[in-house]
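J.: Dropping a structure here in structure tokens format, bear with me for questions.
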Amino acid sequence: MELLPCHLSCLRDHESQSGSNHLHPESSISSISSQPSLPSVPSLTSLSQQHEQTPTIRHKCIATLKDHSYVFSLALSGKVFYSGSSNGEIRAWRQDSSVQDNQIDNIVATSNSAMKSLAVLGDKLFSAHQDNTIRIWKIHNHLQQKYKCIATLPTLNDRFLRSFSEKNYVQVRRHKKSTWVNHVDTVSALAISKDCSLLYSASWYRTFKIWRTSDFKCLESVQNAHNDAINAIVLSKDGFVYTGSADKTIKIWKKHAGENKHLLVATLEKHKSSVNALALSNDGTVLYSGACDRSILVWERECSVRGGGDMYMVVVGALRGHTKAILCLAVVTDFICSGTADKTVRIWRRGTDKSYSCLAVLEGHRRPVKCLTAAVDGYTSIEGVSESGTTYMVCSGSLDYDIKVWQVWTTVF
């Protein structure tokens with residue numbers, strides 16, 4: 001591990017997603033390349049500067065952390081964040097970059113398969129892999145101590161119990177069947193429910209599954225949820241599940257009271273290319289989606305009287321400025337962070353009148369930005385600015401093998 005100063009040199013590269021090759025040519029290739037934008041969707045950023053005062057903002061890269069492979073995923077847990085890489089390693093990093101030691105071995109877990117997503121729940125770290133599995137690691141407080149893999153999903157017991165009945169098998173290839181608890185392609189995304197009782201996993205084989213976190217049992221599998229690979233999954237606090245796919249759609253699911261499975265609520269079809277990333281506002285009323293069309297679509301809940309008062313998502317506009325495919329999104333308070341194949345991270349702010357402004361463009365990565373995580377870091381003032389403000393920490397992982405830690409300060413309105 002090395003700690004290096006930030007640099008601004010720029011090169012061009014594409015992500016390599018070798019291995020699984022079924023049903024996701026668009027997700028593995030077009031997700032990096034850029035597609036035509038969406039002229040029919042109005043830009044939300046052009047109007048914002050006419051209505052709202054732009055806040056004072058300061059930002060800087062405070063650390064560049066060297067990995068040894070493509071950085072595919074990041075997850076934040078307290079004062080530590082984790083990175084998952086294409087070489088199957090998980091590394092643990094302290095938020096305070098000043099305590100990083102070049103000699104510390106911060107690899108806490110290893111596997112023989114690329115890690116596509118990470119999620120933290122208490123003392124457990126979940127990792128999604130390209131070999132179709134989910135691994136669960138027991139977290140230790142000491143960063144130099146290796147984590148123990150306590151389970152692999154589906155568990156041996158789950159697979160054994162499902163293997164005896166023919167009804168537990170589903171067709172996965174022309175001449176191949178598998179039990180429904182098994183993912184049969186890359187596990188691309190993970191999400192944990194608000195009450196922490198459930199883990200959701202999405203797959204490039206068009207399915208998503210629900211697991212009980214207490215005993216890791218697979219409770220449900222939604223087969224053929226999309227017509228192509230599922231790249232992203234996010235959960236709202238009131239039980240809605242959003243999935244984004246290479247089939248260009250976003251689908252909304254919910255398990256209603258009295259039902260034993262998730263049902264499709266709505267399909268959002270404004271994107272014209274592979275949907276790569278999803279993020280929800282803190283209250284769950286705004287959905288952000290990123291695709292290969294270089295735009296971030298903003299969806300808001302709208303109450304339909306004809307639908308019996310049900311809430312539906314409608315597109316209200318787009319955030320534009322990136323020049324290549326949107327690959328990752330993160331939301332913290334009223335700020336949206338976007339990482340793309342143009343090697344930059346943009347910071348957007350949602351105004352009180354639902355308008356948006358781009359506050360900053362973070363430059364320094366040499367290849368596409370594949371993953372992001374962000375958090376509030378404190379409430380402070382800075383030299384030369386009279387107003388009080390909020391400090392945010394933004395971490396970005398890239399295909400240039402680097403993780404950059406950014407400090408973003410902005411005035412409070």
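Every chain in the structure tokens takes a letter, A first, then B, and so on in the order presented; its residues are numbered from 1, and the ligands are numbered from 1 following the presented order.
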Just asking: which residues within region 115-250 of chain A are strand (DSSP E or B) according to DSSP, as a PyMOL selection string?

T.: chain A and resi 115-121+124-129+134-138+148-153+169-173+176-179+187-192+198-203+208-212+218-222+230-235+240-245+250

J.: Skip region 226-229 of chain A itself and residues of its chain fewer than 2 positions away, then list as a list of chain:residue names all residues within 6 Å of it, counting only C-alpha atoms.

T.: A:His24, A:Trp204, A:Tyr205, A:Arg206, A:Asn224, A:Ser245, A:Ala246, A:Asp247

J.: For Lys261 (chain A), work out the shell of residues within 9 Å, counting only C-alpha atoms and skipping chain neighbours fewer than 6 positions away, then give it as a PyMOL selection string.

T.: chain A and resi 220-222+254-255

J.: Take the residues that were just selected and, keeping N, CA, C and O atoms, output them as a compact mmCIF listing (two decimals), in the first residue's frame.

T.:
```txt
# COMPACT_ATOMS: atom_id res chain seq x y z
N GLU A 220 -36.34 -16.01 -1.11
CA GLU A 220 -37.08 -15.76 -2.35
C GLU A 220 -36.11 -15.49 -3.50
O GLU A 220 -35.04 -14.92 -3.30
N SER A 221 -36.52 -15.88 -4.69
CA SER A 221 -35.77 -15.57 -5.89
C SER A 221 -36.75 -15.05 -6.94
O SER A 221 -37.72 -15.73 -7.27
N VAL A 222 -36.51 -13.86 -7.42
CA VAL A 222 -37.36 -13.28 -8.47
C VAL A 222 -36.68 -13.59 -9.81
O VAL A 222 -35.70 -12.96 -10.19
N LYS A 254 -42.33 -4.54 -4.92
CA LYS A 254 -42.69 -4.45 -3.50
C LYS A 254 -43.39 -5.74 -3.08
O LYS A 254 -44.14 -6.34 -3.86
N LYS A 255 -43.11 -6.10 -1.84
CA LYS A 255 -43.81 -7.24 -1.23
C LYS A 255 -44.91 -6.66 -0.34
O LYS A 255 -44.65 -6.12 0.73
```

J.: Considering only C-alpha atoms, return as a ChimeraX atom specification whatever protein or nucleic-acid residues lie within 6 Å of region 160-170 of chain A, sequence-local ones (same chain, fewer than 5 positions apart) excluded.

T.: /A:177-180

J.: Quick one: DSSP helix (DSSP H, G or I) residues in region 153-277 of chain A, as an NGL selection string?

T.: :A and (156-162 or 166-168)

J.: May I have the selected residues written with C-alpha atoms, as a compact mmCIF listing (two decimals), in the first residue's frame?

T.:
```txt
# COMPACT_ATOMS: atom_id res chain seq x y z
CA LEU A 156 -24.37 -25.83 1.94
CA ASN A 157 -27.42 -26.53 4.09
CA ASP A 158 -29.65 -24.42 1.83
CA ARG A 159 -28.44 -26.19 -1.29
CA PHE A 160 -28.75 -29.62 0.31
CA LEU A 161 -32.33 -29.12 1.49
CA ARG A 162 -33.43 -27.82 -1.93
CA GLU A 166 -37.85 -31.31 -8.55
CA LYS A 167 -39.94 -28.18 -7.89
CA ASN A 168 -36.84 -26.44 -6.47
```

J.: Pick out the residues sitting within 10 Å of Arg301 (chain A), and hand them over as a VMD selection string; count only C-alpha atoms, and ignore anything fewer than 5 positions along from it in its own chain.

T.: chain A and resid 284 to 287 310 to 316

J.: Keeping only C-alpha atoms, write the selected residues to a file as a PDB file, in the first residue's frame.

T.:
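And here's result04.pdb as it stands now:
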```
ATOM      1  CA  GLY A 284     -36.724   7.707  -0.598  1.00  0.00           C
ATOM      2  CA  THR A 285     -38.840  10.137  -2.617  1.00  0.00           C
ATOM      3  CA  VAL A 286     -36.194  10.849  -5.290  1.00  0.00           C
ATOM      4  CA  LEU A 287     -34.472   8.205  -7.415  1.00  0.00           C
ATOM      5  CA  ASP A 310     -50.419   4.732  -4.836  1.00  0.00           C
ATOM      6  CA  MET A 311     -47.066   6.458  -5.345  1.00  0.00           C
ATOM      7  CA  TYR A 312     -45.355   6.260  -8.712  1.00  0.00           C
ATOM      8  CA  MET A 313     -42.012   7.521  -9.976  1.00  0.00           C
ATOM      9  CA  VAL A 314     -42.011  10.059 -12.823  1.00  0.00           C
ATOM     10  CA  VAL A 315     -38.962  11.558 -14.503  1.00  0.00           C
ATOM     11  CA  VAL A 316     -38.593  15.290 -13.850  1.00  0.00           C
TER      12      VAL A 316
END
```

J.: Would you tabulate, counting only C-alpha atoms, all residues of region 211-294 of chain A that have an atom at most 9 Å from an atom of region 321-333 of chain A, showing the closest pair of atoms and their distance in Å to one decimal, sorted by chain then ascending number, as JSON lines?

T.:
```
{"residue": "A:Val275", "atom": "CA", "partner": "A:Ile326", "partner_atom": "CA", "distance": 8.6}
{"residue": "A:Asn276", "atom": "CA", "partner": "A:Leu327", "partner_atom": "CA", "distance": 5.6}
{"residue": "A:Ala277", "atom": "CA", "partner": "A:Cys328", "partner_atom": "CA", "distance": 5.1}
{"residue": "A:Leu278", "atom": "CA", "partner": "A:Leu329", "partner_atom": "CA", "distance": 6.4}
{"residue": "A:Ala279", "atom": "CA", "partner": "A:Leu329", "partner_atom": "CA", "distance": 6.0}
{"residue": "A:Leu280", "atom": "CA", "partner": "A:Val331", "partner_atom": "CA", "distance": 6.9}
{"residue": "A:Ser281", "atom": "CA", "partner": "A:Val331", "partner_atom": "CA", "distance": 6.4}
{"residue": "A:Asn282", "atom": "CA", "partner": "A:Thr333", "partner_atom": "CA", "distance": 6.6}
{"residue": "A:Tyr288", "atom": "CA", "partner": "A:Leu329", "partner_atom": "CA", "distance": 7.9}
{"residue": "A:Ser289", "atom": "CA", "partner": "A:Leu329", "partner_atom": "CA", "distance": 7.9}
{"residue": "A:Gly290", "atom": "CA", "partner": "A:Ile326", "partner_atom": "CA", "distance": 5.0}
{"residue": "A:Ala291", "atom": "CA", "partner": "A:Ile326", "partner_atom": "CA", "distance": 5.2}
{"residue": "A:Cys292", "atom": "CA", "partner": "A:Ala325", "partner_atom": "CA", "distance": 4.0}
{"residue": "A:Asp293", "atom": "CA", "partner": "A:Ala325", "partner_atom": "CA", "distance": 6.0}
{"residue": "A:Arg294", "atom": "CA", "partner": "A:Ala325", "partner_atom": "CA", "distance": 4.8}
```

J.: Could you list, as an NGL selection string, every residue within 12 Å of Ser127 (chain A), counting only C-alpha atoms and ignoring same-chain residues fewer than 2 positions away?

T.: :A and (72-75 or 82-85 or 88-91 or 109-111 or 113-121 or 124-125 or 129-138 or 149-153 or 186-191 or 199-201)

J.: Measure the distance from CA of Lys248 (chain A) to CA of Ser274 (chain A) in Å and round it to one decimal.

T.: 4.6 Å

J.: Would you compute the distance between CA of Cys218 (chain A) and CA of Ser86 (chain A)? Give it in Å to one decimal.

T.: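 Between these atoms lies a distance of 26.1 Å.
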
J.: Rounded to one decimal in Å, what is the spacing between CA of Lys217 (chain A) and CA of Val181 (chain A)?

T.: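 CA of Lys217 (chain A) sits 8.9 Å away from CA of Val181 (chain A).
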